[in-house]
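The next block is input.cif, given as mmCIF, C-alpha atoms.
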```
data_work
loop_
_atom_site.label_atom_id
_atom_site.label_comp_id
_atom_site.auth_asym_id
_atom_site.auth_seq_id
_atom_site.Cartn_x
_atom_site.Cartn_y
_atom_site.Cartn_z
CA MET A 30 -29.50 6.99 15.02
CA LYS A 31 -31.88 4.44 16.51
CA LYS A 32 -31.29 5.91 19.95
CA THR A 33 -32.11 9.41 18.63
CA LEU A 34 -35.33 8.18 17.02
CA SER A 35 -36.34 6.42 20.21
CA VAL A 36 -35.80 9.58 22.22
CA LEU A 37 -37.83 11.59 19.71
CA LEU A 38 -40.64 9.03 19.83
CA VAL A 39 -40.71 9.15 23.62
CA LEU A 40 -40.81 12.96 23.55
CA ILE A 41 -43.67 13.00 21.00
CA VAL A 42 -45.71 10.51 23.00
CA ALA A 43 -45.02 12.40 26.23
CA PHE A 44 -46.03 15.69 24.65
CA SER A 45 -49.23 14.14 23.25
CA VAL A 46 -50.13 12.75 26.65
CA PHE A 47 -49.31 16.08 28.29
CA ALA A 48 -51.40 18.03 25.74
CA LYS A 49 -54.31 15.65 26.09
CA GLY A 50 -54.01 15.73 29.85
CA SER A 51 -53.90 19.52 29.81
CA THR A 52 -57.07 19.71 27.70
CA GLU A 53 -58.86 17.18 29.86
CA THR A 54 -57.75 18.97 33.04
CA LYS A 55 -58.85 22.31 31.60
CA THR A 56 -62.19 20.84 30.56
CA ALA A 57 -62.68 19.16 33.91
CA THR A 58 -62.46 22.51 35.69
CA TYR A 59 -65.76 23.60 34.15
CA ARG A 60 -69.27 22.68 35.25
CA VAL A 61 -72.21 24.02 33.25
CA ALA A 62 -75.60 25.03 34.66
CA MET A 63 -78.58 26.32 32.72
CA VAL A 64 -81.33 28.24 34.53
CA THR A 65 -84.80 28.43 32.99
CA ASP A 66 -86.85 31.62 33.01
CA TYR A 67 -90.56 31.36 33.85
CA GLY A 68 -90.95 28.40 31.51
CA ASP A 69 -89.65 24.84 31.61
CA ILE A 70 -87.30 22.72 29.50
CA THR A 71 -90.35 21.18 27.82
CA ASP A 72 -91.70 24.50 26.47
CA GLN A 73 -90.76 23.44 22.91
CA SER A 74 -89.20 26.85 22.48
CA PHE A 75 -86.43 28.97 24.01
CA ASN A 76 -85.85 27.10 27.27
CA GLN A 77 -85.95 23.67 25.69
CA ILE A 78 -83.55 24.44 22.85
CA THR A 79 -81.06 26.13 25.19
CA TYR A 80 -81.30 23.24 27.62
CA GLU A 81 -80.77 20.65 24.88
CA ALA A 82 -77.75 22.53 23.50
CA CYS A 83 -76.13 22.66 26.97
CA ARG A 84 -77.01 19.03 27.67
CA ASP A 85 -75.68 17.75 24.34
CA PHE A 86 -72.46 19.74 24.49
CA SER A 87 -71.82 18.52 28.02
CA ALA A 88 -72.51 14.92 27.02
CA ASP A 89 -70.25 15.21 23.96
CA TYR A 90 -67.30 16.50 25.99
CA GLY A 91 -67.82 14.90 29.38
CA ILE A 92 -68.75 18.09 31.20
CA ASP A 93 -70.82 18.01 34.37
CA PHE A 94 -74.19 19.66 33.64
CA ASN A 95 -77.46 20.37 35.38
CA TYR A 96 -80.37 22.72 34.97
CA PHE A 97 -82.24 24.72 37.58
CA LYS A 98 -85.84 25.88 37.48
CA PRO A 99 -86.77 28.93 39.59
CA ALA A 100 -89.59 28.52 42.09
CA GLY A 101 -91.50 31.44 40.56
CA ASP A 102 -91.47 34.22 38.00
CA SER A 103 -89.47 36.97 39.69
CA ASP A 104 -85.95 38.38 39.73
CA ALA A 105 -85.55 37.05 43.26
CA ASP A 106 -86.52 33.51 42.20
CA ARG A 107 -84.15 33.55 39.24
CA GLN A 108 -81.36 34.97 41.39
CA ALA A 109 -81.95 32.22 43.95
CA SER A 110 -81.57 29.55 41.26
CA ILE A 111 -78.35 31.11 39.99
CA GLU A 112 -76.95 31.26 43.50
CA LYS A 113 -77.99 27.66 44.13
CA ALA A 114 -76.10 26.57 41.03
CA ILE A 115 -73.02 28.50 42.14
CA ASP A 116 -73.24 27.05 45.66
CA GLN A 117 -73.26 23.58 44.11
CA GLY A 118 -70.03 24.30 42.23
CA TYR A 119 -71.24 25.22 38.75
CA ASN A 120 -69.03 27.89 37.23
CA ILE A 121 -70.59 28.54 33.81
CA ILE A 122 -74.17 29.77 34.04
CA VAL A 123 -76.28 29.87 30.87
CA THR A 124 -79.46 31.97 31.03
CA PRO A 125 -82.03 32.29 28.22
CA GLY A 126 -84.17 35.39 27.88
CA PHE A 127 -84.49 39.07 28.74
CA ALA A 128 -86.04 38.25 32.13
CA PHE A 129 -82.59 37.39 33.48
CA ALA A 130 -81.19 40.92 33.34
CA GLY A 131 -82.02 41.70 36.96
CA ALA A 132 -80.82 38.36 38.35
CA VAL A 133 -77.52 38.45 36.47
CA LYS A 134 -76.88 42.02 37.54
CA ALA A 135 -77.49 40.99 41.15
CA THR A 136 -75.10 38.01 41.08
CA ALA A 137 -72.33 38.56 38.51
CA GLY A 138 -70.50 41.29 40.42
CA ASP A 139 -70.31 39.22 43.59
CA ASN A 140 -69.06 36.15 41.71
CA PRO A 141 -66.22 37.30 39.42
CA ASP A 142 -64.94 33.74 38.96
CA ILE A 143 -68.27 32.56 37.53
CA LYS A 144 -68.81 32.97 33.79
CA PHE A 145 -72.28 34.03 32.64
CA ILE A 146 -73.48 33.33 29.09
CA THR A 147 -76.70 35.29 28.68
CA LEU A 148 -78.93 34.85 25.65
CA ASP A 149 -81.38 37.48 24.42
CA VAL A 150 -80.68 40.08 27.08
CA GLY A 151 -80.37 43.29 25.08
CA GLU A 152 -79.05 46.76 25.86
CA GLY A 153 -82.54 47.94 26.72
CA ASP A 154 -82.83 45.16 29.29
CA TRP A 155 -79.44 45.90 30.85
CA GLY A 156 -80.13 49.63 31.12
CA ASP A 157 -77.03 51.55 32.21
CA TYR A 158 -75.39 48.38 33.54
CA LYS A 159 -71.86 47.91 32.19
CA LEU A 160 -71.17 44.25 31.55
CA PRO A 161 -68.38 43.00 33.80
CA ALA A 162 -65.59 40.78 32.53
CA ASN A 163 -67.40 37.59 33.57
CA VAL A 164 -70.56 38.25 31.51
CA TYR A 165 -71.17 37.64 27.81
CA SER A 166 -74.47 38.71 26.27
CA ALA A 167 -75.67 37.42 22.89
CA VAL A 168 -78.76 38.83 21.22
CA TYR A 169 -80.27 38.04 17.84
CA ALA A 170 -81.30 40.23 14.94
CA GLU A 171 -84.86 38.88 15.10
CA GLN A 172 -86.06 41.62 12.79
CA TYR A 173 -84.55 39.66 9.87
CA SER A 174 -86.36 36.45 10.83
CA GLY A 175 -89.61 38.38 11.20
CA PHE A 176 -89.06 40.16 7.90
CA MET A 177 -88.49 36.87 6.07
CA ALA A 178 -91.62 35.32 7.59
CA GLY A 179 -93.81 38.30 6.69
CA TYR A 180 -92.34 38.60 3.20
CA ALA A 181 -92.75 34.87 2.53
CA ALA A 182 -96.35 34.80 3.80
CA VAL A 183 -97.48 37.60 1.48
CA LYS A 184 -95.58 36.17 -1.49
CA MET A 185 -97.27 32.82 -0.81
CA GLY A 186 -100.62 34.51 -1.31
CA PHE A 187 -101.83 35.48 2.17
CA THR A 188 -103.45 38.91 2.35
CA LYS A 189 -104.98 38.90 5.84
CA LEU A 190 -102.29 38.41 8.45
CA GLY A 191 -101.98 38.68 12.20
CA PHE A 192 -99.22 38.99 14.77
CA LEU A 193 -99.72 37.63 18.29
CA GLY A 194 -96.83 38.54 20.57
CA GLY A 195 -96.18 37.30 24.06
CA MET A 196 -94.93 40.18 26.16
CA ALA A 197 -93.85 43.44 24.51
CA ALA A 198 -90.17 42.73 25.14
CA PRO A 199 -87.49 44.04 22.74
CA ALA A 200 -86.90 40.64 21.09
CA VAL A 201 -90.63 40.11 20.53
CA LYS A 202 -90.97 43.61 19.11
CA ARG A 203 -88.08 43.04 16.72
CA TYR A 204 -89.76 39.89 15.48
CA GLY A 205 -93.11 41.64 15.15
CA TYR A 206 -91.95 44.86 13.54
CA GLY A 207 -89.73 42.88 11.19
CA PHE A 208 -92.78 40.82 10.25
CA VAL A 209 -94.72 44.00 9.48
CA GLN A 210 -91.89 45.37 7.32
CA GLY A 211 -91.47 42.11 5.40
CA ALA A 212 -95.18 41.83 4.67
CA ASP A 213 -95.23 45.46 3.58
CA GLN A 214 -92.25 44.99 1.24
CA ALA A 215 -93.81 41.93 -0.44
CA ALA A 216 -97.21 43.59 -0.77
CA THR A 217 -95.62 46.67 -2.32
CA GLU A 218 -93.76 44.55 -4.87
CA LEU A 219 -96.94 42.66 -5.75
CA GLY A 220 -99.08 45.80 -5.81
CA LYS A 221 -101.45 44.30 -3.23
CA LYS A 222 -103.30 45.82 -0.35
CA ILE A 223 -103.09 43.62 2.70
CA GLU A 224 -104.47 43.63 6.23
CA LEU A 225 -102.40 42.98 9.35
CA LYS A 226 -103.67 42.84 12.93
CA TYR A 227 -101.10 43.22 15.69
CA ILE A 228 -101.52 42.47 19.40
CA TYR A 229 -99.77 41.13 22.52
CA GLY A 230 -101.11 38.53 24.92
CA ASN A 231 -98.98 40.01 27.74
CA GLN A 232 -97.80 36.53 28.74
CA PHE A 233 -95.75 33.70 27.28
CA PHE A 234 -98.38 30.96 27.37
CA GLY A 235 -101.75 30.34 25.79
CA ASP A 236 -105.03 30.30 27.67
CA PRO A 237 -108.79 30.38 26.93
CA ASP A 238 -108.90 34.20 26.74
CA ILE A 239 -106.14 34.37 24.14
CA THR A 240 -107.61 31.44 22.21
CA ALA A 241 -110.96 33.25 22.12
CA ALA A 242 -109.29 36.40 20.76
CA MET A 243 -107.59 34.39 18.02
CA GLU A 244 -110.84 32.66 17.14
CA THR A 245 -112.38 36.11 16.66
CA TRP A 246 -109.58 37.02 14.27
CA TYR A 247 -109.84 33.82 12.23
CA ALA A 248 -113.63 34.00 12.14
CA ALA A 249 -113.34 37.52 10.70
CA GLY A 250 -111.08 36.37 7.86
CA THR A 251 -107.52 36.31 9.18
CA GLN A 252 -105.64 33.65 7.24
CA VAL A 253 -102.36 33.28 9.11
CA VAL A 254 -101.05 34.41 12.51
CA PHE A 255 -97.42 34.76 13.53
CA ALA A 256 -97.47 33.52 17.14
CA CYS A 257 -94.37 34.88 18.82
CA GLY A 258 -93.59 34.30 22.48
CA GLY A 259 -92.87 31.06 24.34
CA GLY A 260 -95.93 28.81 24.54
CA ILE A 261 -98.48 31.40 23.40
CA TRP A 262 -98.57 29.61 20.06
CA THR A 263 -100.93 27.00 21.55
CA SER A 264 -103.81 29.49 21.53
CA ALA A 265 -103.18 30.60 17.96
CA ALA A 266 -102.78 27.02 16.74
CA GLU A 267 -105.95 25.84 18.47
CA ALA A 268 -107.94 28.65 16.86
CA ALA A 269 -106.30 28.14 13.45
CA ALA A 270 -107.15 24.44 13.47
CA LYS A 271 -110.77 25.22 14.36
CA TYR A 272 -111.13 27.57 11.38
CA ASN A 273 -108.89 25.63 8.99
CA GLN A 274 -106.36 28.46 8.76
CA LYS A 275 -102.59 28.78 9.30
CA ILE A 276 -99.92 29.73 11.83
CA ILE A 277 -96.29 30.85 11.77
CA GLY A 278 -94.00 29.50 14.49
CA VAL A 279 -91.09 31.19 16.25
CA ASP A 280 -87.56 30.72 17.63
CA VAL A 281 -87.19 27.17 16.31
CA ASP A 282 -88.73 25.28 13.41
CA GLN A 283 -92.03 24.46 15.10
CA GLN A 284 -93.69 22.65 12.21
CA SER A 285 -93.41 19.17 13.71
CA ILE A 286 -94.51 20.41 17.13
CA ILE A 287 -97.52 22.43 15.99
CA ASP A 288 -98.67 20.13 13.21
CA GLY A 289 -98.13 17.09 15.39
CA LYS A 290 -100.53 18.45 17.97
CA PHE A 291 -103.08 20.35 15.89
CA GLY A 292 -103.02 18.90 12.36
CA ASN A 293 -100.80 18.48 9.31
CA GLY A 294 -100.19 21.53 7.15
CA LEU A 295 -101.07 24.05 9.83
CA THR A 296 -97.60 25.65 10.04
CA VAL A 297 -96.67 27.78 7.03
CA THR A 298 -93.17 28.57 8.27
CA SER A 299 -91.28 29.51 11.43
CA ALA A 300 -89.20 32.61 12.11
CA ILE A 301 -86.13 31.11 13.72
CA LYS A 302 -82.87 32.01 15.40
CA GLY A 303 -79.86 29.80 15.96
CA LEU A 304 -80.27 29.17 19.67
CA ARG A 305 -78.66 25.76 19.53
CA PRO A 306 -75.53 26.59 17.50
CA ALA A 307 -74.96 29.85 19.39
CA THR A 308 -75.14 28.07 22.76
CA TYR A 309 -73.21 24.97 21.72
CA ASN A 310 -70.49 26.86 19.82
CA THR A 311 -69.94 29.40 22.59
CA LEU A 312 -69.56 26.68 25.20
CA ALA A 313 -67.15 24.83 22.92
CA ASP A 314 -65.04 27.92 22.33
CA VAL A 315 -64.95 28.88 25.99
CA ILE A 316 -64.35 25.41 27.41
CA ARG A 317 -62.47 23.49 24.72
CA ASN A 318 -60.48 26.43 23.34
CA ASP A 319 -60.12 28.34 26.61
CA ASN A 320 -61.25 31.42 24.70
CA TRP A 321 -63.29 33.41 27.23
CA GLY A 322 -61.34 36.53 26.31
CA LYS A 323 -63.25 36.65 23.03
CA TYR A 324 -66.54 37.02 24.92
CA SER A 325 -65.58 38.76 28.16
CA GLY A 326 -67.77 41.77 28.91
CA LYS A 327 -69.20 41.87 25.40
CA GLN A 328 -72.68 42.34 23.94
CA GLU A 329 -72.90 40.66 20.52
CA THR A 330 -75.70 40.62 17.96
CA LEU A 331 -75.97 37.37 15.98
CA GLY A 332 -77.59 37.68 12.58
CA LEU A 333 -76.79 37.15 8.92
CA ILE A 334 -73.36 35.75 8.09
CA SER A 335 -74.07 34.34 4.60
CA ALA A 336 -75.66 35.90 1.53
CA THR A 337 -76.09 32.59 -0.28
CA ASP A 338 -76.90 29.95 2.33
CA PRO A 339 -80.04 30.82 4.34
CA TYR A 340 -79.45 28.01 6.80
CA ALA A 341 -75.91 29.08 7.68
CA ASN A 342 -77.26 32.20 9.35
CA TYR A 343 -78.23 32.72 12.98
CA VAL A 344 -81.61 34.13 11.88
CA GLY A 345 -84.03 33.11 9.13
CA ILE A 346 -87.01 30.84 8.48
CA GLY A 347 -87.33 27.10 8.98
CA GLU A 348 -86.48 24.39 6.47
CA SER A 349 -90.04 23.04 6.73
CA THR A 350 -91.44 26.21 5.09
CA GLN A 351 -94.35 25.44 2.75
CA PHE A 352 -92.69 26.80 -0.38
CA ASN A 353 -94.94 27.32 -3.39
CA SER A 354 -94.89 29.04 -6.78
CA GLY A 355 -95.18 32.43 -5.10
CA PHE A 356 -92.24 31.86 -2.79
CA SER A 357 -89.73 29.10 -3.60
CA LYS A 358 -86.46 27.96 -2.09
CA GLU A 359 -84.69 29.96 -4.76
CA ASP A 360 -86.71 33.01 -3.72
CA LEU A 361 -85.51 32.50 -0.15
CA VAL A 362 -81.89 32.55 -1.32
CA THR A 363 -82.56 35.76 -3.25
CA LEU A 364 -84.29 37.32 -0.25
CA THR A 365 -81.40 36.34 2.02
CA GLY A 366 -78.92 37.97 -0.35
CA LYS A 367 -80.90 41.20 -0.51
CA LEU A 368 -81.09 41.39 3.27
CA PHE A 369 -77.41 40.54 3.68
CA ASN A 370 -76.37 43.17 1.15
CA ARG A 371 -78.86 45.67 2.63
CA GLN A 372 -80.85 46.06 -0.57
CA TYR A 373 -83.75 45.61 1.80
CA LYS A 374 -83.14 47.77 4.82
CA VAL A 375 -84.86 46.55 7.96
CA ASN A 376 -85.37 48.92 10.84
CA ASP A 377 -84.01 47.27 13.97
CA GLU A 378 -85.48 49.82 16.34
CA THR A 379 -88.34 48.73 18.56
CA VAL A 380 -90.61 51.50 17.29
CA GLU A 381 -93.66 51.05 15.09
CA PRO A 382 -92.62 50.89 11.42
CA VAL A 383 -94.09 53.12 8.72
CA THR A 384 -95.89 51.01 6.11
CA LYS A 385 -96.78 51.62 2.46
CA SER A 386 -99.28 48.89 1.56
CA PHE A 387 -101.54 48.98 4.62
CA LYS A 388 -102.26 50.99 7.72
CA PHE A 389 -100.46 49.45 10.63
CA GLU A 390 -102.13 49.62 13.99
CA ASP A 391 -100.90 48.14 17.25
CA LEU A 392 -104.04 46.88 19.01
CA GLY A 393 -102.34 46.74 22.38
CA PHE A 394 -102.89 43.83 24.76
CA ILE A 395 -105.45 41.07 25.09
CA LYS A 396 -104.88 40.91 28.86
#
```

Starting from the file, give its structure as structure tokens.
Amino acid sequence: MKKTLSVLLVLIVAFSVFAKGSTETKTATYRVAMVTDYGDITDQSFNQITYEACRDFSADYGIDFNYFKPAGDSDADRQASIEKAIDQGYNIIVTPGFAFAGAVKATAGDNPDIKFITLDVGEGDWGDYKLPANVYSAVYAEQYSGFMAGYAAVKMGFTKLGFLGGMAAPAVKRYGYGFVQGADQAATELGKKIELKYIYGNQFFGDPDITAAMETWYAAGTQVVFACGGGIWTSAAEAAAKYNQKIIGVDVDQQSIIDGKFGNGLTVTSAIKGLRPATYNTLADVIRNDNWGKYSGKQETLGLISATDPYANYVGIGESTQFNSGFSKEDLVTLTGKLFNRQYKVNDETVEPVTKSFKFEDLGFIK
């Protein structure tokens, strides 16, 4: 009996060592690279959050990781960075943003053993390109985040709103048109007439021209601007601080970033998407669970997965939201449930929405 138990114990230990060794060997075969778009990992937005998710996952699980910044803002530059990462032995490439469509299309087919995790590259960006087995594309239902931000702002008492987009890319449009629909829904429920100005800067960074345009808006009575697109928020925040007005952040909860630089209380809320959990969880599933088959060749939209917990979803508004009597935390839960159950139907098309409480007009581009 003792001999049998000893044999069993040896087998259990051997199996445990084998299983652990197999996992470690499997993990060790992966090296993760993240390539930035035209921004940097300090943009306090899309690039930074994606970079930090890749970095932290890799540190947690002992994966070799590096990031690559293209020399310029072109498909050729982004393709060169991807190829450089591949040449250096990285076999999982993470790319954030619609700008990577061309570069991924140019490299994925020639590198079938390299896995590409692309974030925010939608069907419109891919065109008629059929995703190969080594590409996974995740996009977000930004229209829900935008809707929540617009709805909350009007319920909080704002009646003169603005939307400043970066470039008129599909993701930015979904944010913006969702914002318009949410503001319209809240204004209709309250029986209020509101004003909403809508424009694009045609770039993903702030500059004196865009700041001047925002100052014109605030000087004319605009109370809050949803600044949506990389670092373009700096222009809106600078103008808002000058006129003692407000701003809405994007992609991540930007309250600490914006308020820290331009003044406490400036950020009403942020329309967010779960960049970090989507990146971290996908890497974990692919690398730790060897589950690439779940993602291979697929385009997936990440959105609402809970009707009762706003912060369990991949889209929503930030926890730092300045809740008040017009829009409370309980109201956010109710709003989330109505969106989840489609009591509020949000158009996800990138076409101008029809509004009931105000005349919507796209003012085009500042530059």

Apply the PyMOL selection byres ((chain A and resi 182) around 9) to the file shown and report the selected residues as a PyMOL selection string. chain A and resi 177-181+183-188+190+211-212+215+253+277+297-298+356

Report the closest atom pair, with its distance in Å rounded to one decimal, for each residue of range 242-344 of chain A that has an atom no farther than 9 Å from range 75-82 of chain A; count only C-alpha atoms, sort by chain and then rising residue number, and write it as JSON lines.
```
{"residue": "A:Gly259", "atom": "CA", "partner": "A:Phe75", "partner_atom": "CA", "distance": 6.8}
{"residue": "A:Asp280", "atom": "CA", "partner": "A:Phe75", "partner_atom": "CA", "distance": 6.7}
{"residue": "A:Val281", "atom": "CA", "partner": "A:Phe75", "partner_atom": "CA", "distance": 7.9}
{"residue": "A:Leu304", "atom": "CA", "partner": "A:Thr79", "partner_atom": "CA", "distance": 6.4}
{"residue": "A:Arg305", "atom": "CA", "partner": "A:Ala82", "partner_atom": "CA", "distance": 5.2}
{"residue": "A:Pro306", "atom": "CA", "partner": "A:Ala82", "partner_atom": "CA", "distance": 7.6}
{"residue": "A:Ala307", "atom": "CA", "partner": "A:Ala82", "partner_atom": "CA", "distance": 8.8}
{"residue": "A:Thr308", "atom": "CA", "partner": "A:Ala82", "partner_atom": "CA", "distance": 6.2}
{"residue": "A:Tyr309", "atom": "CA", "partner": "A:Ala82", "partner_atom": "CA", "distance": 5.5}
```

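Atom to atom, CA of Thr136 in chain A and CA of Ile121 in chain A stand 12.8 Å apart.
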
Evaluate the PyMOL selection byres ((chain A and resi 327) around 8) against this structure - the residues, as a ChimeraX atom specification, please. /A:160,164-166,324-326,328-329

Spell out the residues picked by the PyMOL selection byres ((chain A and resi 291) around 12) here, as a VMD selection string. chain A and resid 262 to 276 283 to 290 292 to 296

Which residue out of A:Lys302, A:Lys221, A:Lys98, A:Lys189 has the minimum interatomic distance to Tyr247 in chain A when all atoms listed in the file are used?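 When distances to Tyr247 in chain A are compared using all atoms listed in the file, the smallest one comes from A:Lys189.
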
Calculated over only C-alpha atoms, which of the candidates A:Gly156, A:Asn95, A:Phe233, A:Phe208 has the smallest distance to Asp66 in chain A? A:Phe233

Choose the residue, out of A:Phe387, A:Tyr206, A:Tyr96, A:Tyr343, that has the smallest atom-to-atom separation from Glu224 in chain A; count only C-alpha atoms. A:Phe387

What's the separation between CA of Thr240 in chain A and CA of Gly68 in chain A, in Å to one decimal place?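 Going from CA of Thr240 in chain A over to CA of Gly68 in chain A, I get 19.3 Å.
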
Fewer than 5 positions away in the same chain doesn't count, so skip those; otherwise give me all residues within 12 Å of Gly101 in chain A, counting all atoms listed in the file, as a PyMOL selection string. chain A and resi 65-69+106-110

Please, could you write that set of residues out with C-alpha atoms as a CSV table (one decimal), in the frame of the given file?
```csv
chain,number,residue,atom,x,y,z
A,65,THR,CA,-84.8,28.4,33.0
A,66,ASP,CA,-86.8,31.6,33.0
A,67,TYR,CA,-90.6,31.4,33.8
A,68,GLY,CA,-91.0,28.4,31.5
A,69,ASP,CA,-89.6,24.8,31.6
A,106,ASP,CA,-86.5,33.5,42.2
A,107,ARG,CA,-84.2,33.6,39.2
A,108,GLN,CA,-81.4,35.0,41.4
A,109,ALA,CA,-82.0,32.2,44.0
A,110,SER,CA,-81.6,29.6,41.3
```

Quick one: everything within 7 Å of Asn231 in chain A, counting all atoms listed in the file, minus sequence neighbours fewer than 3 positions away in the same chain. Send it as a list of chain:residue names. A:Gly195, A:Met196, A:Ala197, A:Phe394, A:Lys396

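Here CA of Phe255 in chain A and CA of Val380 in chain A stand 18.5 Å from one another.
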
Near Asn320 in chain A, within 12 Å and counting only C-alpha atoms, which residues show up once chain neighbours fewer than 5 positions away are dropped, as an MDAnalysis selection string? chainID A and resid 55 144 310:315 325

Kindly indicate which residue among A:Tyr373, A:Phe94, A:Tyr119, A:Tyr169 lies nearest to Ile143 in chain A, using only C-alpha atoms for the distances.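 Going through A:Tyr373, A:Phe94, A:Tyr119, A:Tyr169 one by one, the smallest distance to Ile143 in chain A is for A:Tyr119.
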
Extract, using all atoms listed in the file, all DNA, RNA and protein residues at most 12 Å from Asp139 in chain A, discarding same-chain residues fewer than 4 positions from it, and format them as a VMD selection string. chain A and resid 111 to 112 115 132 to 135 143 to 144 161 163

Residues within 7 Å of (-77.8, 28.8, 36.7), file coords, only C-alpha atoms, listed as JSON, numbers by chain: {"A": [62, 63, 64, 96, 97, 110, 111, 114, 122, 123, 124]}

Could you rebuild range 320-331 of chain A with N, CA, C and O atoms and give me the result as a CSV table (one decimal), in the frame of the given file?
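Result written to part04.csv:
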```
chain,number,residue,atom,x,y,z
A,320,ASN,N,-61.2,30.2,25.4
A,320,ASN,CA,-61.2,31.4,24.7
A,320,ASN,C,-62.2,32.4,25.3
A,320,ASN,O,-62.9,33.2,24.6
A,321,TRP,N,-62.3,32.5,26.6
A,321,TRP,CA,-63.3,33.4,27.2
A,321,TRP,C,-63.0,34.9,26.9
A,321,TRP,O,-63.9,35.7,26.8
A,322,GLY,N,-61.7,35.2,26.6
A,322,GLY,CA,-61.3,36.5,26.3
A,322,GLY,C,-62.1,37.1,25.1
A,322,GLY,O,-62.3,38.3,25.0
A,323,LYS,N,-62.5,36.2,24.2
A,323,LYS,CA,-63.2,36.6,23.0
A,323,LYS,C,-64.6,37.2,23.4
A,323,LYS,O,-65.3,37.9,22.7
A,324,TYR,N,-65.2,36.7,24.5
A,324,TYR,CA,-66.5,37.0,24.9
A,324,TYR,C,-66.6,37.9,26.1
A,324,TYR,O,-67.7,38.5,26.4
A,325,SER,N,-65.6,38.1,26.9
A,325,SER,CA,-65.6,38.8,28.2
A,325,SER,C,-66.1,40.2,28.1
A,325,SER,O,-65.6,41.0,27.4
A,326,GLY,N,-67.2,40.4,28.8
A,326,GLY,CA,-67.8,41.8,28.9
A,326,GLY,C,-68.4,42.3,27.6
A,326,GLY,O,-68.6,43.5,27.5
A,327,LYS,N,-68.7,41.4,26.7
A,327,LYS,CA,-69.2,41.9,25.4
A,327,LYS,C,-70.7,41.6,25.2
A,327,LYS,O,-71.2,40.6,25.7
A,328,GLN,N,-71.3,42.5,24.4
A,328,GLN,CA,-72.7,42.3,23.9
A,328,GLN,C,-72.6,42.1,22.4
A,328,GLN,O,-72.0,43.0,21.7
A,329,GLU,N,-73.1,41.0,21.9
A,329,GLU,CA,-72.9,40.7,20.5
A,329,GLU,C,-74.3,40.4,19.9
A,329,GLU,O,-75.1,39.7,20.5
A,330,THR,N,-74.5,40.9,18.7
A,330,THR,CA,-75.7,40.6,18.0
A,330,THR,C,-75.4,39.6,16.9
A,330,THR,O,-74.6,39.8,16.0
A,331,LEU,N,-76.1,38.5,16.9
A,331,LEU,CA,-76.0,37.4,16.0
A,331,LEU,C,-77.0,37.5,14.9
A,331,LEU,O,-78.2,37.6,15.2
```
